[in-house]
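Single-structure report; data block below.
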Amino acid sequence: MRADARRNRDRILEAARDAVAERGADAPMELIARRAGVGVGTLYRRFPDRAVLLAALAEQYVHELMDGLDRAVAAEPDAWAAVRAFVVHSVEKGRGAIAAALAGTSAPQARQALVQRLDALVRQAQADGAMRPDVGTGDLMELLNVFACHPGVIPERFLPLLLDGLSRR
């Protein structure tokens, strides 16, 4: 991809992310193009329809979560602390709106890679005796779903309490 085409694609994704976070998955394509500083034709050349654009946003979102997981592993002293830091990072304000808008949008390969990496970390935390053995990665993904995709269903102050309930410490 040419450098200018890559810049346009990146600007479109950034504008789409903001517009979708503000207005949901039905944010007008014209608004996205205007915010990206490109014409509607350029947007449609890169992303022929809304589904393709949302799939690209979902892929980008999951990769951002993987980056957050990597940072948590690098920064924290043990696997349980990294799991906890990753969950907190993943549900921070700002991510919830985009997660909610993209709920149901598929990025299967990226999501599978994220789940596999998180699963390895969960298993390590359990092997270390820091995390309850009856809690799995699927449970953590559900926790992320509730707090990131459905903000306000459970007050944010309950997240530390739920995480404490997963710990064996």
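By convention here, the chains of the structure tokens are called A, B, ... in the order presented, each chain's residues are numbered starting at 1, and ligands are numbered starting at 1 in the order presented.
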Test item: residues at most 7 Å from A:Ala72, only C-alpha atoms, excluding those fewer than 6 positions along its chain, as a ChimeraX atom specification
/A:82,85-86
Would you output that residue set with N, CA, C and O atoms, as a compact mmCIF listing (two decimals), in the first residue's frame?
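Writing done, so here's out.txt:
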```txt
# COMPACT_ATOMS: atom_id res chain seq x y z
N ALA A 82 -0.90 -9.34 36.32
CA ALA A 82 -1.05 -9.01 34.90
C ALA A 82 -2.49 -9.22 34.43
O ALA A 82 -3.03 -8.39 33.67
N ALA A 85 -4.47 -6.29 35.87
CA ALA A 85 -4.16 -5.04 35.17
C ALA A 85 -4.78 -5.03 33.77
O ALA A 85 -5.29 -4.00 33.32
N PHE A 86 -4.74 -6.17 33.09
CA PHE A 86 -5.33 -6.25 31.76
C PHE A 86 -6.83 -6.01 31.81
O PHE A 86 -7.38 -5.27 30.99
```
Leaving out A:Leu114 and any residue of its chain fewer than 2 positions from it, which residues lie within 10 Å of it when counting only C-alpha atoms, given as a PyMOL selection string?
chain A and resi 62-63+65-67+69+108-112+116-119
Dump as a Markdown table the rows for residues of stretch 57-92 of chain A within 9 Å of stretch 142-156 of chain A: closest atom pair and distance in Å with one decimal, only C-alpha atoms counted, ordered by chain and rising residue number.
```
| residue | atom | partner | partner_atom | distance |
| --- | --- | --- | --- | --- |
| A:Val87 | CA | A:Leu144 | CA | 6.7 |
| A:Val88 | CA | A:Leu144 | CA | 8.9 |
| A:Ser90 | CA | A:Leu144 | CA | 7.1 |
| A:Val91 | CA | A:Ala148 | CA | 4.8 |
| A:Glu92 | CA | A:Ala148 | CA | 7.6 |
```
Hey, can you spit out that residue selection with all heavy atoms as a PDB file, in the first residue's frame?
```pdb
ATOM      1  N   VAL A  87      -7.520  -6.628  32.749  1.00  0.00           N
ATOM      2  CA  VAL A  87      -8.969  -6.452  32.852  1.00  0.00           C
ATOM      3  C   VAL A  87      -9.296  -4.989  33.119  1.00  0.00           C
ATOM      4  O   VAL A  87     -10.169  -4.401  32.456  1.00  0.00           O
ATOM      5  CB  VAL A  87      -9.571  -7.371  33.934  1.00  0.00           C
ATOM      6  CG1 VAL A  87     -11.028  -7.011  34.218  1.00  0.00           C
ATOM      7  CG2 VAL A  87      -9.453  -8.826  33.507  1.00  0.00           C
ATOM      8  N   VAL A  88      -8.604  -4.376  34.056  1.00  0.00           N
ATOM      9  CA  VAL A  88      -8.850  -2.972  34.375  1.00  0.00           C
ATOM     10  C   VAL A  88      -8.598  -2.093  33.152  1.00  0.00           C
ATOM     11  O   VAL A  88      -9.405  -1.213  32.820  1.00  0.00           O
ATOM     12  CB  VAL A  88      -8.002  -2.530  35.590  1.00  0.00           C
ATOM     13  CG1 VAL A  88      -8.051  -1.025  35.782  1.00  0.00           C
ATOM     14  CG2 VAL A  88      -8.474  -3.262  36.845  1.00  0.00           C
ATOM     15  N   SER A  90      -8.740  -2.939  30.028  1.00  0.00           N
ATOM     16  CA  SER A  90      -9.687  -3.248  28.956  1.00  0.00           C
ATOM     17  C   SER A  90     -11.048  -2.597  29.136  1.00  0.00           C
ATOM     18  O   SER A  90     -11.766  -2.403  28.163  1.00  0.00           O
ATOM     19  CB  SER A  90      -9.869  -4.767  28.839  1.00  0.00           C
ATOM     20  OG  SER A  90      -8.651  -5.365  28.490  1.00  0.00           O
ATOM     21  N   VAL A  91     -11.406  -2.283  30.365  1.00  0.00           N
ATOM     22  CA  VAL A  91     -12.728  -1.705  30.601  1.00  0.00           C
ATOM     23  C   VAL A  91     -12.677  -0.214  30.920  1.00  0.00           C
ATOM     24  O   VAL A  91     -13.699   0.373  31.289  1.00  0.00           O
ATOM     25  CB  VAL A  91     -13.489  -2.470  31.709  1.00  0.00           C
ATOM     26  CG1 VAL A  91     -13.635  -3.932  31.336  1.00  0.00           C
ATOM     27  CG2 VAL A  91     -12.836  -2.326  33.062  1.00  0.00           C
ATOM     28  N   GLU A  92     -11.507   0.411  30.753  1.00  0.00           N
ATOM     29  CA  GLU A  92     -11.402   1.842  31.009  1.00  0.00           C
ATOM     30  C   GLU A  92     -12.392   2.614  30.150  1.00  0.00           C
ATOM     31  O   GLU A  92     -12.741   2.206  29.048  1.00  0.00           O
ATOM     32  CB  GLU A  92      -9.984   2.333  30.685  1.00  0.00           C
ATOM     33  CG  GLU A  92      -8.964   1.955  31.703  1.00  0.00           C
ATOM     34  CD  GLU A  92      -7.558   2.376  31.298  1.00  0.00           C
ATOM     35  OE1 GLU A  92      -7.326   2.704  30.122  1.00  0.00           O
ATOM     36  OE2 GLU A  92      -6.688   2.353  32.172  1.00  0.00           O
TER      37      GLU A  92
END
```
Among the residues A:Asp4, A:Asp139, A:Glu30, A:Glu59, the one that comes closest to A:Leu166 [using only C-alpha atoms]
A:Asp139
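Among the candidate residues A:Tyr61, A:Trp80, A:Phe47, A:Phe158, the one lying nearest to A:Ala33 is A:Phe47, with distances computed using only C-alpha atoms.
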Name the residues in contact with A:Met131 at a cut-off of 9 Å, using only C-alpha atoms, excluding same-chain residues fewer than 6 positions from it; report them as a list in words.
Trp80, Val122, Arg123, Gln124, Ala125, Leu166, Ser167, Arg168 and Arg169 of chain A
Let's have the selection written as a PDB file, in the first residue's frame, with N, CA and C atoms.
```
ATOM      1  N   TRP A  80      -1.078 -13.194  37.983  1.00  0.00           N
ATOM      2  CA  TRP A  80      -2.351 -12.689  38.490  1.00  0.00           C
ATOM      3  C   TRP A  80      -2.412 -11.172  38.418  1.00  0.00           C
ATOM      4  N   VAL A 122      -3.946 -16.880  32.408  1.00  0.00           N
ATOM      5  CA  VAL A 122      -4.859 -17.380  33.443  1.00  0.00           C
ATOM      6  C   VAL A 122      -4.331 -18.689  34.008  1.00  0.00           C
ATOM      7  N   ARG A 123      -3.910 -19.591  33.140  1.00  0.00           N
ATOM      8  CA  ARG A 123      -3.385 -20.889  33.606  1.00  0.00           C
ATOM      9  C   ARG A 123      -2.138 -20.702  34.472  1.00  0.00           C
ATOM     10  N   GLN A 124      -1.299 -19.730  34.115  1.00  0.00           N
ATOM     11  CA  GLN A 124      -0.109 -19.458  34.917  1.00  0.00           C
ATOM     12  C   GLN A 124      -0.510 -18.911  36.285  1.00  0.00           C
ATOM     13  N   ALA A 125      -1.478 -17.990  36.304  1.00  0.00           N
ATOM     14  CA  ALA A 125      -1.944 -17.439  37.585  1.00  0.00           C
ATOM     15  C   ALA A 125      -2.537 -18.537  38.465  1.00  0.00           C
ATOM     16  N   LEU A 166     -12.032 -13.480  42.297  1.00  0.00           N
ATOM     17  CA  LEU A 166     -11.340 -14.437  41.437  1.00  0.00           C
ATOM     18  C   LEU A 166      -9.984 -14.838  42.014  1.00  0.00           C
ATOM     19  N   SER A 167      -9.513 -14.066  42.952  1.00  0.00           N
ATOM     20  CA  SER A 167      -8.195 -14.287  43.538  1.00  0.00           C
ATOM     21  C   SER A 167      -8.249 -15.322  44.645  1.00  0.00           C
ATOM     22  N   ARG A 168      -7.126 -16.003  44.825  1.00  0.00           N
ATOM     23  CA  ARG A 168      -7.003 -16.943  45.960  1.00  0.00           C
ATOM     24  C   ARG A 168      -6.163 -16.328  47.061  1.00  0.00           C
ATOM     25  N   ARG A 169      -5.791 -15.103  46.925  1.00  0.00           N
ATOM     26  CA  ARG A 169      -4.930 -14.440  47.917  1.00  0.00           C
ATOM     27  C   ARG A 169      -5.730 -13.871  49.038  1.00  0.00           C
TER      28      ARG A 169
END
```
Provide the atom CA of A:Ala36 to atom CA of A:Ile12 distance in Å, to one decimal place.
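One can read the atom CA of A:Ala36 to atom CA of A:Ile12 distance as 5.0 Å.
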Determine, counting only C-alpha atoms, which protein, DNA and RNA residues have an atom within 12 Å of an atom of stretch 13-16 of chain A; residues of the same chain fewer than 3 positions away are not included. Present the result as a ChimeraX atom specification.
/A:6-10,19-38,43,46-47,50,52-61,98,101-102
Which residue gives the smallest distance to A:Arg132 among A:Val40, A:Val73, A:Ala120, A:Leu163, with only C-alpha atoms counted?
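Residue with the minimum atom-to-atom distance to A:Arg132: A:Leu163.
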To one decimal place, how far is atom CA of A:Ala113 from atom CA of A:Tyr44 in Å?
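These two atoms are separated by 28.9 Å.
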